[in-house]
Every structure is written in structure tokens, then in C-alpha cells.
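Step one of this worksheet: look at the structure below.
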Amino acid sequence: MVKGHASPAEPFDVLIIGAGPIGLAAAARALDYGLDPLVVETGPCAGATVREWGHVRMFSMWRDLVDPVARTLLSEQGWREPDASGYPTGREWVDEYLTPLARALDDHIRYDTEVVGVARQGRDLIIDDGRERTPFAVHVTDHTGGERVLRANAVIDASGTWTTPKPLGGDGLAAVGERGLSAAGRIAYRLPDLSDSAVAARYRGRRVAIAGSGHSALTALVAFAELAADDPDTRISWILRRPAVGNTFGGGVADELPARGALGERAQAAVDAGVINVVTGLRTEEVRLDGDELTLIGDNGTKAGPFDEVVALTGFRPDVSWLSEIRLSLDVTLQAPFGVAPLIDPNVHSCGSVSPHGVAELTHAEPDFFQVGMKSYGRAPTFLALTGFEQARSVVAEIVGDHEAAARVELELPDTGLCGGSGVFEPISVPLVVETGESCCSPTTT
């Protein structure tokens with residue numbers, strides 16, 4: 001078989017959805033085992049969604065952001081690894097690691113290719129007969145709108161959750177009036193890059209509401225506080241659904257990810273200084289537009305505003321709409337695989353690290369179908385690249401029949417010392433000076 005070009009009658013060994021950090025790691029692992037993988041990516045390049053938060057500097061150091069097998073593959077091609085103790089931005093992660101890795105994977109990747117459905121060839125969800133022996137049919141469209149079906153013996157969904165942010169509405173649905181205002185650009189669901197003068201000009205001198213309690217929201221507080229310091233007419237309000245700030249600022253110096261602890265401390269300093277107006281206990285039910293002014297109205301009648309702009313940083317959720325013909329074993333609350341959900345449930349686990357896990361926890365009722373990376377965490381907000389690399393290692397080992405390797409746990413994660421989050425995929429963009437003297441930030445949203 002020609003590398004990366006299975007014939008219509010000959011399925012790929014494994015088809016990987018998403019050319020992000022975990023999808024590319026899975027492809028490198030598959031190649032290392034001698035498989036013929038194909039990665040399909042909606043965007044025009046590897047790490048396309050990471051580029052969307054390229055201005056963000058991350059919690060994790062370079063040493064924790066490179067898959068071991070990918071490192072070997074790149075080293076054989078003369079790649080110079082960045083300083084292991086440095087904290088890259090999203091853009092640096094793409095330029096210095098993901099792009100070279102994609103180049104090494106060569107024609108095993110197809111860009112501008114969107115997966116619109118996955119099924120078993122000739123069998124819908126209810127058909128049992130011969131299901132396990134039948135290849136997957138992966139329906140895709142390309143940038144021209146052309147449609148085709150790719151076939152694979154196994155499928156790894158590493159598509160992430162970046163494209164499906166949670167709405168501002170406190171009940172998980174869009175608040176009354178939210179959709180129209182979102183379409184009009186009055187509500188943003190990503191952390192603005194205030195280092196861009198054109199973006200900063202949009203918010204300077206305006207009344208801005210920042211909604212959310214995760215690390216993206218904390219970073220927004222710090223970034224907008226700095227904007228307000230330069231322009232006193234810029235007024236910032238922080239909208240929290242919870243009744244009090246409580247432990248929202250995190251673990252501070254107790255956090256084993258120093259950049260993340262420093263982020264919380266800087267956000268708290270901005271609040272304590274009175275630069276940020278805090279509104280607690282507001283679960284938005286309606287966004288009302290009066291002239292050019294926005295008012296947030298809670299389900300208990302509480303009002304906040306008026307505002308000129310709203311930045312909703314309330315997290316992300318998985319899109320499983322195109323997996324309707326796959327037998328998913330998902331927790332009804334988190335929309336994560338059954339085995340993973342108890343390890344990450346924020347209703348139960350408030351502090352500490354998530355146990356390393358692999359194929360045993362990631363297995364669905366559909367044989368040879370797996371979700372890895374941020375997608376595997378469903379609606380839970382915490383994720384580390386190291387966790388994703390371990391998932392990819394275990395899943396690919398299972399696909400090739402190396403069950404002993406698949407069952408092993410080859411990762412030890414540190415205790416974070418922080419209630420709340422430990423992710424690397426959602427954007428945070430304010431440089432933070434920590435005790436080590438490094439400049440670093442955090443990308444996690446809750």
C-alpha cells in the first residue's frame with residue numbers, strides 16, 4: 001500500500017480525526033507500530049485551532065508538551081527541541097513542534113477535510129450482524145464542498161471541543177436574546193487578544209462584562225485590568241454564577257504549575273484593588289438590548305449592566321452530533337466515556353490530579369472507536385497534554401493488538417495543589433512572572 005493512500009477497497013489501518021497535538025501524537029504512534037494512519041483535519045494546517053489562541057502562553061513547560069515517540073521521529077530528521085524549561089505560546093507550540101511533526105507525517109495528513117459522519121460501512125446504529133468485522137465509513141467534505149467516504153479499520157476522534165463553546169445562559173442553553181447578539185458580534189466566546197491594537201481598540205473606553213470562573217476568565221480579568229489601567233474610562237465587571245468568589249482564584253503558591261498559581265494571584269490583586277467590579281450569583285437568563293446597551297438578567301431577576309461588550313468564557317462542550325451512528329458509551333452528565341467520567345467529574349473532584357488512564361477507561365461499546373484528548377473529557381474543564389499523549393499511546397497499542405502495552409500506565413502526573421483546572425488547550429494570554437523568573441500563562445476554561 002502506498003503510504004497515506006489506501007484504495008477505496010482497502011481501508012486505512014486507523015483514521016484519526018484532528019491534526020492537533022493529540023491527533024498527531026496518535027499518528028506518530030501508529031507509524032511507529034508500522035500502521036498506515038490517515039489524519040483528517042478541518043483546518044488548512046496542523047494545529048489550526050491552537051493557532052486561534054496563538055497569543056496564549058501556557059501553564060506547561062516544553063518538556064511536557066512533546067510526545068515521546070513524536071520527539072524521536074522529529075529528532076531523526078534533525079529537529080532541534082526547544083528549551084525544556086520554557087513556556088511556549090500557542091503559536092510557538094504550532095511553529096516549533098506541531099508544524100515540523102506534521103511535515104514529518106507528510107501525506108498521512110489531509111487538510112481542509114471535515115468529517116460530517118462516522119458509521120460502520122453499510123450498517124446503521126441498530127445493526128448487529130457482522131458489525132465488528134466491518135470497516136468504518138467516514139463521510140467527509142473538502143473545501144470545495146465535495147463529498148466522499150473514507151474507510152478505516154479503526155477510528156480515533158481527537159477533534160477537541162474548541163469549536164463548541166458553552167453559551168452564556170446559566171442553564172446550559174443560550175439565554176434569551178443571546179443568539180442574535182452573538183451573531184451581531186456583541187458577545188465574544190474567546191479571550192480577545194488585547195496585544196492586537198485593533199482588538200484592544202474595540203474594548204478600550206467601554207463597559208465590559210467578563211462571564212466565567214475558569215482560568216480563561218481569570219486571564220481576561222488580568223488583561224482587561226491592564227487595559228483599564230491605561231484608560232480609566234474602561235470599566236470591567238466580572239459575572240459569576242456562583243454565590244461567592246470562594247476558591248475561584250486557585251492554589252497560588254501551592255500550585256505545582258507556578259504559572260497557573262501566579263495567574264490566580266494576579267487576578268485576585270486586580271479584584272482587591274477595585275479595578276474589577278464583581279457580580280456574584282447571576283445565572284444569566286436573558287441578555288436585553290436597550291439601544292446600544294446590554295443588560296444581563298438572571299433567573300432570579302438580578303440585573304447587571306449596562307454593558308457595551310460581553311466576553312463569555314464559560315467553557316466548552318463536545319460535539320457528538322456527527323457520531324449518531326456510532327455506539328458511544330458516554331456518561332450522561334459529562335458526555336465523557338464511562339470509564340473516564342468518574343476520574344474527572346467536577347461535582348465530585350474539586351482538587352488534585354486526574355489519575356493517568358488509557359484504553360480501559362476510553363473504550364466505547366463500538367469496537368475500535370476511541371475518543372482522546374480534550375474530547376475524551378466531555379464537558380469537564382481540566383486537561384493536560386501529557387494525559388492526551390498517554391491516551392494516544394494506550395489506544396494505538398490496543399489497536400495493533402499489543403494489549404499488554406495498552407494496559408500499562410506509563411505516566412505519573414504531579415499533584416496540582418489546586419482546586420479546579422489543569423489544562424493546556426484553551427487560551428489565556430497574559431504573561432505572568434513567577435518565582436522561577438519565567439514568563440508563562442495558562443490555557444484552561446471552566
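Identifiers for the C-alpha cells are assigned positionally: chains receive A, B, ... in sequence, residues are indexed from 1 per chain, and ligands are indexed from 1 in the order shown.
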
Shell of 6 Å around Ser237 of chain A, only C-alpha atoms, local chain residues under 2 positions omitted, as a PDB file with N, CA and C atoms, in the first residue's frame:
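Dumped to around-v5.pdb:
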ATOM      1  N   ALA A 209     -18.334  43.215  30.315  1.00  0.00           N
ATOM      2  CA  ALA A 209     -18.670  42.149  31.260  1.00  0.00           C
ATOM      3  C   ALA A 209     -17.903  40.902  30.876  1.00  0.00           C
ATOM      4  N   ILE A 276     -11.773  45.697  39.245  1.00  0.00           N
ATOM      5  CA  ILE A 276     -12.802  44.805  38.731  1.00  0.00           C
ATOM      6  C   ILE A 276     -14.028  44.874  39.640  1.00  0.00           C
ATOM      7  N   ASN A 277     -15.187  45.113  39.062  1.00  0.00           N
ATOM      8  CA  ASN A 277     -16.446  45.060  39.794  1.00  0.00           C
ATOM      9  C   ASN A 277     -16.980  43.623  39.758  1.00  0.00           C
ATOM     10  N   VAL A 278     -17.173  43.019  40.908  1.00  0.00           N
ATOM     11  CA  VAL A 278     -17.579  41.611  40.977  1.00  0.00           C
ATOM     12  C   VAL A 278     -19.087  41.508  41.195  1.00  0.00           C
TER      13      VAL A 278
END

Exercise for review: as a VMD selection string, please: all residues of segment 130-371 of chain A that backbone DSSP puts in strand (DSSP E).
Suggested key: chain A and resid 136 to 142 147 to 152 155 to 157 187 to 188 207 to 211 235 to 239 276 to 279 284 to 290 293 to 298 303 to 307 309 to 312 369 to 371

Review point. Could you work out how far atom CA of Ser75 of chain A lies from atom CA of Gly34 of chain A, giving the answer in Å with one decimal?
Key: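 Separation between atom CA of Gly34 of chain A and atom CA of Ser75 of chain A: 18.3 Å.
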
Review point. Which is closest to Gly373 of chain A among A:Ile156, A:Ala198, A:Val348, A:Ala70, if we use only C-alpha atoms?
Key: A:Ile156

Practice item. Give me, please, the distance in Å between atom CA of Pro88 of chain A and atom CA of Asp345 of chain A, quoted to one decimal. Key: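 Computing the Euclidean distance for atom CA of Pro88 of chain A and atom CA of Asp345 of chain A yields 28.7 Å.
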
**Study point:** Gap from atom CA of Arg266 of chain A to atom CA of Ala220 of chain A - Å, one decimal
**Key:** 11.0 Å

Give me, as CSV, the closest atom pair and its distance (Å, one decimal) for every residue of segment 221-281 of chain A within a cut-off of 12 Å of segment 313-331 of chain A, counting only C-alpha atoms, rows sorted by chain and rising number.
residue,atom,partner,partner_atom,distance
A:Leu221,CA,A:Leu313,CA,11.1
A:Trp238,CA,A:Leu313,CA,10.8
A:Ile239,CA,A:Leu313,CA,10.2
A:Leu240,CA,A:Thr314,CA,9.8
A:Arg241,CA,A:Thr314,CA,10.0

**Study point:** DSSP helix (DSSP H, G or I) selection over segment 13-212 of chain A, as number ranges by chain
**Key:** A: 21-32, 48-52, 62-64, 68-75, 90-108, 131-133, 178-183, 197-203
